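With PDB, N, CA and C atoms, pLDDT in the B column inside, this is start-v2.pdb:
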ATOM      1  N   MET Q   1     -17.068  -2.979  -5.850  1.00 50.00           N
ATOM      2  CA  MET Q   1     -16.365  -3.373  -4.641  1.00 50.00           C
ATOM      3  C   MET Q   1     -17.362  -3.347  -3.500  1.00 50.00           C
ATOM      4  N   GLY Q   2     -17.420  -4.440  -2.754  1.00 57.00           N
ATOM      5  CA  GLY Q   2     -18.340  -4.523  -1.640  1.00 57.00           C
ATOM      6  C   GLY Q   2     -17.805  -3.827  -0.405  1.00 57.00           C
ATOM      7  N   LEU Q   3     -18.668  -3.666   0.561  1.00 57.00           N
ATOM      8  CA  LEU Q   3     -18.277  -3.002   1.803  1.00 57.00           C
ATOM      9  C   LEU Q   3     -17.183  -3.792   2.512  1.00 57.00           C
ATOM     10  N   ASN Q   4     -17.292  -5.115   2.538  1.00 61.00           N
ATOM     11  CA  ASN Q   4     -16.262  -5.916   3.196  1.00 61.00           C
ATOM     12  C   ASN Q   4     -14.909  -5.733   2.530  1.00 61.00           C
ATOM     13  N   ALA Q   5     -14.882  -5.684   1.194  1.00 62.00           N
ATOM     14  CA  ALA Q   5     -13.628  -5.477   0.476  1.00 62.00           C
ATOM     15  C   ALA Q   5     -13.067  -4.099   0.781  1.00 62.00           C
ATOM     16  N   LEU Q   6     -13.936  -3.102   0.828  1.00 57.00           N
ATOM     17  CA  LEU Q   6     -13.492  -1.751   1.146  1.00 57.00           C
ATOM     18  C   LEU Q   6     -12.920  -1.691   2.548  1.00 57.00           C
ATOM     19  N   LEU Q   7     -13.627  -2.274   3.491  1.00 56.00           N
ATOM     20  CA  LEU Q   7     -13.135  -2.280   4.870  1.00 56.00           C
ATOM     21  C   LEU Q   7     -11.815  -3.018   4.976  1.00 56.00           C
ATOM     22  N   GLY Q   8     -11.709  -4.163   4.291  1.00 63.00           N
ATOM     23  CA  GLY Q   8     -10.458  -4.918   4.310  1.00 63.00           C
ATOM     24  C   GLY Q   8      -9.316  -4.107   3.733  1.00 63.00           C
ATOM     25  N   SER Q   9      -9.572  -3.393   2.667  1.00 58.00           N
ATOM     26  CA  SER Q   9      -8.556  -2.557   2.042  1.00 58.00           C
ATOM     27  C   SER Q   9      -8.129  -1.430   2.973  1.00 58.00           C
ATOM     28  N   LEU Q  10      -9.097  -0.824   3.614  1.00 54.00           N
ATOM     29  CA  LEU Q  10      -8.775   0.255   4.549  1.00 54.00           C
ATOM     30  C   LEU Q  10      -7.965  -0.258   5.729  1.00 54.00           C
ATOM     31  N   MET Q  11      -8.346  -1.411   6.238  1.00 57.00           N
ATOM     32  CA  MET Q  11      -7.673  -1.954   7.407  1.00 57.00           C
ATOM     33  C   MET Q  11      -6.285  -2.482   7.073  1.00 57.00           C
ATOM     34  N   SER Q  12      -6.021  -2.830   5.813  1.00 63.00           N
ATOM     35  CA  SER Q  12      -4.704  -3.346   5.459  1.00 63.00           C
ATOM     36  C   SER Q  12      -3.635  -2.269   5.586  1.00 63.00           C
ATOM     37  N   GLY Q  13      -4.044  -1.013   5.557  1.00 59.00           N
ATOM     38  CA  GLY Q  13      -3.107   0.083   5.748  1.00 59.00           C
ATOM     39  C   GLY Q  13      -2.826   0.334   7.219  1.00 59.00           C
ATOM     40  N   GLY Q  14      -3.359  -0.453   8.081  1.00 62.00           N
ATOM     41  CA  GLY Q  14      -3.197  -0.281   9.522  1.00 62.00           C
ATOM     42  C   GLY Q  14      -4.533   0.069  10.130  1.00 62.00           C
ATOM     43  N   PRO Q  15      -4.860  -0.526  11.264  1.00 63.00           N
ATOM     44  CA  PRO Q  15      -6.157  -0.289  11.894  1.00 63.00           C
ATOM     45  C   PRO Q  15      -6.424   1.186  12.179  1.00 63.00           C
ATOM     46  N   ALA Q  16      -5.435   1.897  12.655  1.00 65.00           N
ATOM     47  CA  ALA Q  16      -5.654   3.300  13.009  1.00 65.00           C
ATOM     48  C   ALA Q  16      -5.999   4.127  11.770  1.00 65.00           C
ATOM     49  N   LEU Q  17      -5.296   3.875  10.674  1.00 68.00           N
ATOM     50  CA  LEU Q  17      -5.558   4.613   9.443  1.00 68.00           C
ATOM     51  C   LEU Q  17      -6.941   4.285   8.902  1.00 68.00           C
ATOM     52  N   GLY Q  18      -7.287   3.017   8.909  1.00 68.00           N
ATOM     53  CA  GLY Q  18      -8.610   2.610   8.427  1.00 68.00           C
ATOM     54  C   GLY Q  18      -9.724   3.225   9.242  1.00 68.00           C
ATOM     55  N   ILE Q  19      -9.577   3.223  10.546  1.00 69.00           N
ATOM     56  CA  ILE Q  19     -10.594   3.798  11.433  1.00 69.00           C
ATOM     57  C   ILE Q  19     -10.704   5.303  11.208  1.00 69.00           C
ATOM     58  N   ALA Q  20      -9.563   5.961  11.042  1.00 72.00           N
ATOM     59  CA  ALA Q  20      -9.569   7.409  10.821  1.00 72.00           C
ATOM     60  C   ALA Q  20     -10.273   7.759   9.511  1.00 72.00           C
ATOM     61  N   VAL Q  21      -9.983   7.000   8.463  1.00 71.00           N
ATOM     62  CA  VAL Q  21     -10.614   7.274   7.177  1.00 71.00           C
ATOM     63  C   VAL Q  21     -12.118   7.045   7.265  1.00 71.00           C
ATOM     64  N   LEU Q  22     -12.517   5.938   7.882  1.00 71.00           N
ATOM     65  CA  LEU Q  22     -13.949   5.651   8.009  1.00 71.00           C
ATOM     66  C   LEU Q  22     -14.662   6.681   8.873  1.00 71.00           C
ATOM     67  N   ALA Q  23     -14.013   7.080   9.960  1.00 72.00           N
ATOM     68  CA  ALA Q  23     -14.629   8.084  10.833  1.00 72.00           C
ATOM     69  C   ALA Q  23     -14.773   9.410  10.098  1.00 72.00           C
ATOM     70  N   GLY Q  24     -13.731   9.800   9.373  1.00 70.00           N
ATOM     71  CA  GLY Q  24     -13.793  11.042   8.604  1.00 70.00           C
ATOM     72  C   GLY Q  24     -14.865  10.975   7.539  1.00 70.00           C
ATOM     73  N   ALA Q  25     -14.956   9.836   6.858  1.00 68.00           N
ATOM     74  CA  ALA Q  25     -15.980   9.667   5.825  1.00 68.00           C
ATOM     75  C   ALA Q  25     -17.376   9.741   6.437  1.00 68.00           C
ATOM     76  N   GLY Q  26     -17.532   9.143   7.605  1.00 68.00           N
ATOM     77  CA  GLY Q  26     -18.826   9.181   8.283  1.00 68.00           C
ATOM     78  C   GLY Q  26     -19.228  10.589   8.668  1.00 68.00           C
ATOM     79  N   LEU Q  27     -18.280  11.364   9.167  1.00 67.00           N
ATOM     80  CA  LEU Q  27     -18.574  12.750   9.542  1.00 67.00           C
ATOM     81  C   LEU Q  27     -18.954  13.582   8.326  1.00 67.00           C
ATOM     82  N   PHE Q  28     -18.215  13.410   7.236  1.00 65.00           N
ATOM     83  CA  PHE Q  28     -18.561  14.143   6.012  1.00 65.00           C
ATOM     84  C   PHE Q  28     -19.939  13.751   5.504  1.00 65.00           C
ATOM     85  N   ALA Q  29     -20.238  12.468   5.544  1.00 65.00           N
ATOM     86  CA  ALA Q  29     -21.521  11.981   5.036  1.00 65.00           C
ATOM     87  C   ALA Q  29     -22.671  12.543   5.873  1.00 65.00           C
ATOM     88  N   LEU Q  30     -22.464  12.626   7.183  1.00 67.00           N
ATOM     89  CA  LEU Q  30     -23.510  13.155   8.053  1.00 67.00           C
ATOM     90  C   LEU Q  30     -23.779  14.631   7.784  1.00 67.00           C
ATOM     91  N   LYS Q  31     -22.770  15.356   7.410  1.00 65.00           N
ATOM     92  CA  LYS Q  31     -22.920  16.794   7.189  1.00 65.00           C
ATOM     93  C   LYS Q  31     -23.206  17.115   5.728  1.00 65.00           C
ATOM     94  N   GLY Q  32     -23.586  16.129   4.940  1.00 73.00           N
ATOM     95  CA  GLY Q  32     -23.903  16.387   3.538  1.00 73.00           C
ATOM     96  C   GLY Q  32     -22.683  16.444   2.650  1.00 73.00           C
ATOM     97  N   GLY Q  33     -21.561  16.005   3.164  1.00 75.00           N
ATOM     98  CA  GLY Q  33     -20.318  16.050   2.387  1.00 75.00           C
ATOM     99  C   GLY Q  33     -19.998  14.723   1.730  1.00 75.00           C
ATOM    100  N   ARG Q  34     -21.023  14.016   1.305  1.00 76.00           N
ATOM    101  CA  ARG Q  34     -20.821  12.700   0.696  1.00 76.00           C
ATOM    102  C   ARG Q  34     -19.822  12.739  -0.465  1.00 76.00           C
ATOM    103  N   PRO Q  35     -19.911  13.700  -1.384  1.00 80.00           N
ATOM    104  CA  PRO Q  35     -18.940  13.732  -2.490  1.00 80.00           C
ATOM    105  C   PRO Q  35     -17.499  13.897  -1.990  1.00 80.00           C
ATOM    106  N   VAL Q  36     -17.330  14.708  -0.974  1.00 78.00           N
ATOM    107  CA  VAL Q  36     -15.990  14.906  -0.415  1.00 78.00           C
ATOM    108  C   VAL Q  36     -15.498  13.612   0.226  1.00 78.00           C
ATOM    109  N   ALA Q  37     -16.369  12.931   0.958  1.00 77.00           N
ATOM    110  CA  ALA Q  37     -15.998  11.671   1.598  1.00 77.00           C
ATOM    111  C   ALA Q  37     -15.639  10.632   0.544  1.00 77.00           C
ATOM    112  N   LYS Q  38     -16.406  10.603  -0.526  1.00 81.00           N
ATOM    113  CA  LYS Q  38     -16.149   9.632  -1.592  1.00 81.00           C
ATOM    114  C   LYS Q  38     -14.798   9.913  -2.250  1.00 81.00           C
ATOM    115  N   LYS Q  39     -14.485  11.187  -2.476  1.00 84.00           N
ATOM    116  CA  LYS Q  39     -13.191  11.542  -3.055  1.00 84.00           C
ATOM    117  C   LYS Q  39     -12.055  11.163  -2.109  1.00 84.00           C
ATOM    118  N   ALA Q  40     -12.260  11.357  -0.807  1.00 82.00           N
ATOM    119  CA  ALA Q  40     -11.229  11.001   0.163  1.00 82.00           C
ATOM    120  C   ALA Q  40     -10.971   9.501   0.151  1.00 82.00           C
ATOM    121  N   ILE Q  41     -12.017   8.723   0.106  1.00 83.00           N
ATOM    122  CA  ILE Q  41     -11.870   7.271   0.065  1.00 83.00           C
ATOM    123  C   ILE Q  41     -11.207   6.840  -1.243  1.00 83.00           C
ATOM    124  N   THR Q  42     -11.634   7.434  -2.352  1.00 90.00           N
ATOM    125  CA  THR Q  42     -11.040   7.116  -3.654  1.00 90.00           C
ATOM    126  C   THR Q  42      -9.552   7.468  -3.652  1.00 90.00           C
ATOM    127  N   GLY Q  43      -9.215   8.600  -3.094  1.00 89.00           N
ATOM    128  CA  GLY Q  43      -7.810   9.004  -2.995  1.00 89.00           C
ATOM    129  C   GLY Q  43      -7.004   8.043  -2.144  1.00 89.00           C
ATOM    130  N   TYR Q  44      -7.590   7.626  -1.026  1.00 88.00           N
ATOM    131  CA  TYR Q  44      -6.916   6.666  -0.153  1.00 88.00           C
ATOM    132  C   TYR Q  44      -6.671   5.352  -0.894  1.00 88.00           C
ATOM    133  N   LEU Q  45      -7.682   4.875  -1.619  1.00 89.00           N
ATOM    134  CA  LEU Q  45      -7.540   3.615  -2.350  1.00 89.00           C
ATOM    135  C   LEU Q  45      -6.464   3.727  -3.427  1.00 89.00           C
ATOM    136  N   ALA Q  46      -6.436   4.850  -4.134  1.00 92.00           N
ATOM    137  CA  ALA Q  46      -5.422   5.060  -5.175  1.00 92.00           C
ATOM    138  C   ALA Q  46      -4.029   5.113  -4.550  1.00 92.00           C
ATOM    139  N   LEU Q  47      -3.911   5.807  -3.432  1.00 90.00           N
ATOM    140  CA  LEU Q  47      -2.623   5.910  -2.759  1.00 90.00           C
ATOM    141  C   LEU Q  47      -2.159   4.556  -2.246  1.00 90.00           C
ATOM    142  N   SER Q  48      -3.061   3.777  -1.672  1.00 90.00           N
ATOM    143  CA  SER Q  48      -2.670   2.470  -1.157  1.00 90.00           C
ATOM    144  C   SER Q  48      -2.285   1.525  -2.289  1.00 90.00           C
ATOM    145  N   GLU Q  49      -2.964   1.632  -3.441  1.00 92.00           N
ATOM    146  CA  GLU Q  49      -2.592   0.808  -4.600  1.00 92.00           C
ATOM    147  C   GLU Q  49      -1.193   1.196  -5.091  1.00 92.00           C
ATOM    148  N   TRP Q  50      -0.922   2.498  -5.169  1.00 93.00           N
ATOM    149  CA  TRP Q  50       0.386   2.970  -5.590  1.00 93.00           C
ATOM    150  C   TRP Q  50       1.462   2.475  -4.627  1.00 93.00           C
ATOM    151  N   ALA Q  51       1.179   2.548  -3.330  1.00 92.00           N
ATOM    152  CA  ALA Q  51       2.158   2.118  -2.328  1.00 92.00           C
ATOM    153  C   ALA Q  51       2.448   0.622  -2.450  1.00 92.00           C
ATOM    154  N   ARG Q  52       1.409  -0.186  -2.692  1.00 92.00           N
ATOM    155  CA  ARG Q  52       1.624  -1.630  -2.865  1.00 92.00           C
ATOM    156  C   ARG Q  52       2.484  -1.908  -4.094  1.00 92.00           C
ATOM    157  N   GLU Q  53       2.191  -1.222  -5.199  1.00 94.00           N
ATOM    158  CA  GLU Q  53       2.964  -1.406  -6.419  1.00 94.00           C
ATOM    159  C   GLU Q  53       4.410  -0.956  -6.225  1.00 94.00           C
ATOM    160  N   PHE Q  54       4.595   0.176  -5.569  1.00 95.00           N
ATOM    161  CA  PHE Q  54       5.931   0.694  -5.301  1.00 95.00           C
ATOM    162  C   PHE Q  54       6.724  -0.286  -4.441  1.00 95.00           C
ATOM    163  N   ALA Q  55       6.077  -0.811  -3.402  1.00 94.00           N
ATOM    164  CA  ALA Q  55       6.745  -1.763  -2.521  1.00 94.00           C
ATOM    165  C   ALA Q  55       7.115  -3.040  -3.275  1.00 94.00           C
ATOM    166  N   ALA Q  56       6.234  -3.509  -4.131  1.00 94.00           N
ATOM    167  CA  ALA Q  56       6.512  -4.727  -4.902  1.00 94.00           C
ATOM    168  C   ALA Q  56       7.682  -4.507  -5.856  1.00 94.00           C
ATOM    169  N   GLU Q  57       7.697  -3.368  -6.557  1.00 95.00           N
ATOM    170  CA  GLU Q  57       8.781  -3.071  -7.487  1.00 95.00           C
ATOM    171  C   GLU Q  57      10.105  -2.904  -6.745  1.00 95.00           C
ATOM    172  N   THR Q  58      10.068  -2.208  -5.621  1.00 95.00           N
ATOM    173  CA  THR Q  58      11.276  -2.002  -4.835  1.00 95.00           C
ATOM    174  C   THR Q  58      11.811  -3.325  -4.319  1.00 95.00           C
ATOM    175  N   SER Q  59      10.925  -4.173  -3.836  1.00 95.00           N
ATOM    176  CA  SER Q  59      11.327  -5.485  -3.344  1.00 95.00           C
ATOM    177  C   SER Q  59      11.976  -6.301  -4.458  1.00 95.00           C
ATOM    178  N   GLU Q  60      11.403  -6.260  -5.637  1.00 95.00           N
ATOM    179  CA  GLU Q  60      11.964  -7.001  -6.770  1.00 95.00           C
ATOM    180  C   GLU Q  60      13.351  -6.475  -7.120  1.00 95.00           C
ATOM    181  N   GLN Q  61      13.518  -5.168  -7.104  1.00 96.00           N
ATOM    182  CA  GLN Q  61      14.823  -4.582  -7.420  1.00 96.00           C
ATOM    183  C   GLN Q  61      15.864  -4.964  -6.380  1.00 96.00           C
ATOM    184  N   VAL Q  62      15.473  -4.964  -5.111  1.00 96.00           N
ATOM    185  CA  VAL Q  62      16.406  -5.347  -4.040  1.00 96.00           C
ATOM    186  C   VAL Q  62      16.775  -6.821  -4.171  1.00 96.00           C
ATOM    187  N   GLN Q  63      15.810  -7.667  -4.492  1.00 96.00           N
ATOM    188  CA  GLN Q  63      16.104  -9.087  -4.677  1.00 96.00           C
ATOM    189  C   GLN Q  63      17.057  -9.303  -5.844  1.00 96.00           C
ATOM    190  N   ASP Q  64      16.854  -8.580  -6.940  1.00 96.00           N
ATOM    191  CA  ASP Q  64      17.756  -8.678  -8.085  1.00 96.00           C
ATOM    192  C   ASP Q  64      19.161  -8.225  -7.719  1.00 96.00           C
ATOM    193  N   LEU Q  65      19.251  -7.113  -7.003  1.00 96.00           N
ATOM    194  CA  LEU Q  65      20.542  -6.589  -6.572  1.00 96.00           C
ATOM    195  C   LEU Q  65      21.248  -7.590  -5.665  1.00 96.00           C
ATOM    196  N   TYR Q  66      20.509  -8.177  -4.746  1.00 96.00           N
ATOM    197  CA  TYR Q  66      21.079  -9.187  -3.846  1.00 96.00           C
ATOM    198  C   TYR Q  66      21.603 -10.383  -4.643  1.00 96.00           C
ATOM    199  N   ALA Q  67      20.817 -10.855  -5.604  1.00 96.00           N
ATOM    200  CA  ALA Q  67      21.229 -12.004  -6.409  1.00 96.00           C
ATOM    201  C   ALA Q  67      22.504 -11.690  -7.187  1.00 96.00           C
ATOM    202  N   GLU Q  68      22.595 -10.489  -7.753  1.00 97.00           N
ATOM    203  CA  GLU Q  68      23.800 -10.100  -8.489  1.00 97.00           C
ATOM    204  C   GLU Q  68      25.010 -10.040  -7.558  1.00 97.00           C
ATOM    205  N   ALA Q  69      24.829  -9.415  -6.400  1.00 96.00           N
ATOM    206  CA  ALA Q  69      25.935  -9.299  -5.450  1.00 96.00           C
ATOM    207  C   ALA Q  69      26.369 -10.673  -4.951  1.00 96.00           C
ATOM    208  N   LYS Q  70      25.429 -11.550  -4.688  1.00 95.00           N
ATOM    209  CA  LYS Q  70      25.762 -12.896  -4.204  1.00 95.00           C
ATOM    210  C   LYS Q  70      26.527 -13.674  -5.275  1.00 95.00           C
ATOM    211  N   THR Q  71      26.101 -13.535  -6.526  1.00 95.00           N
ATOM    212  CA  THR Q  71      26.794 -14.218  -7.617  1.00 95.00           C
ATOM    213  C   THR Q  71      28.238 -13.726  -7.724  1.00 95.00           C
ATOM    214  N   GLU Q  72      28.424 -12.408  -7.660  1.00 95.00           N
ATOM    215  CA  GLU Q  72      29.785 -11.853  -7.709  1.00 95.00           C
ATOM    216  C   GLU Q  72      30.607 -12.335  -6.530  1.00 95.00           C
ATOM    217  N   TYR Q  73      30.022 -12.338  -5.361  1.00 95.00           N
ATOM    218  CA  TYR Q  73      30.703 -12.795  -4.153  1.00 95.00           C
ATOM    219  C   TYR Q  73      31.109 -14.259  -4.286  1.00 95.00           C
ATOM    220  N   ASP Q  74      30.169 -15.091  -4.722  1.00 94.00           N
ATOM    221  CA  ASP Q  74      30.442 -16.521  -4.885  1.00 94.00           C
ATOM    222  C   ASP Q  74      31.519 -16.766  -5.943  1.00 94.00           C
ATOM    223  N   ASP Q  75      31.487 -15.977  -7.017  1.00 93.00           N
ATOM    224  CA  ASP Q  75      32.514 -16.103  -8.054  1.00 93.00           C
ATOM    225  C   ASP Q  75      33.892 -15.750  -7.513  1.00 93.00           C
ATOM    226  N   ARG Q  76      33.984 -14.712  -6.727  1.00 92.00           N
ATOM    227  CA  ARG Q  76      35.276 -14.314  -6.129  1.00 92.00           C
ATOM    228  C   ARG Q  76      35.760 -15.360  -5.138  1.00 92.00           C
ATOM    229  N   ARG Q  77      34.866 -15.927  -4.370  1.00 91.00           N
ATOM    230  CA  ARG Q  77      35.260 -16.967  -3.399  1.00 91.00           C
ATOM    231  C   ARG Q  77      35.778 -18.201  -4.123  1.00 91.00           C
ATOM    232  N   GLY Q  78      35.189 -18.505  -5.253  1.00 83.00           N
ATOM    233  CA  GLY Q  78      35.611 -19.672  -6.027  1.00 83.00           C
ATOM    234  C   GLY Q  78      36.985 -19.476  -6.634  1.00 83.00           C
ATOM    235  N   ASP Q  79      37.346 -18.208  -6.917  1.00 63.00           N
ATOM    236  CA  ASP Q  79      38.660 -17.898  -7.520  1.00 63.00           C
ATOM    237  C   ASP Q  79      39.767 -17.905  -6.479  1.00 63.00           C
ATOM    238  N   ALA Q  80      39.458 -17.707  -5.222  1.00 53.00           N
ATOM    239  CA  ALA Q  80      40.474 -17.567  -4.180  1.00 53.00           C
ATOM    240  C   ALA Q  80      41.177 -18.858  -3.850  1.00 53.00           C
TER     241      ALA Q  80
END
Spell out the structure here as structure tokens.
Amino acid sequence: MGLNALLGSLMSGGPALGIAVLAGAGLFALKGGRPVAKKAITGYLALSEWAREFAAETSEQVQDLYAEAKTEYDDRRGDA
């Protein structure tokens, strides 16, 4: 993963969050905490991937629920 991709991924979670993560990583790296900074970034990436997957699954479930409810509603309207 290139730096641009990493930055884009960080910024997709919101500018403030991306800046905070990068600033924290920079401070750790300056103080010799590179492994800690790397783990923090890896954790952030894993969490953001999980959140995207969760949001996609939830959205799909809501769309399915809406479609079922609309079908039932339309069927009842047709019977009236």
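Note that atom N of Glu60 of chain Q and atom N of Arg76 of chain Q are 24.1 Å apart.
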As a check of understanding: the span from atom C of Leu45 of chain Q to atom CA of Val62 of chain Q is 24.6 Å
One decimal, Å: what's the distance from atom N of Ser59 of chain Q over to atom C of Gly43 of chain Q, could you say?
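Between these atoms lies a distance of 21.8 Å.
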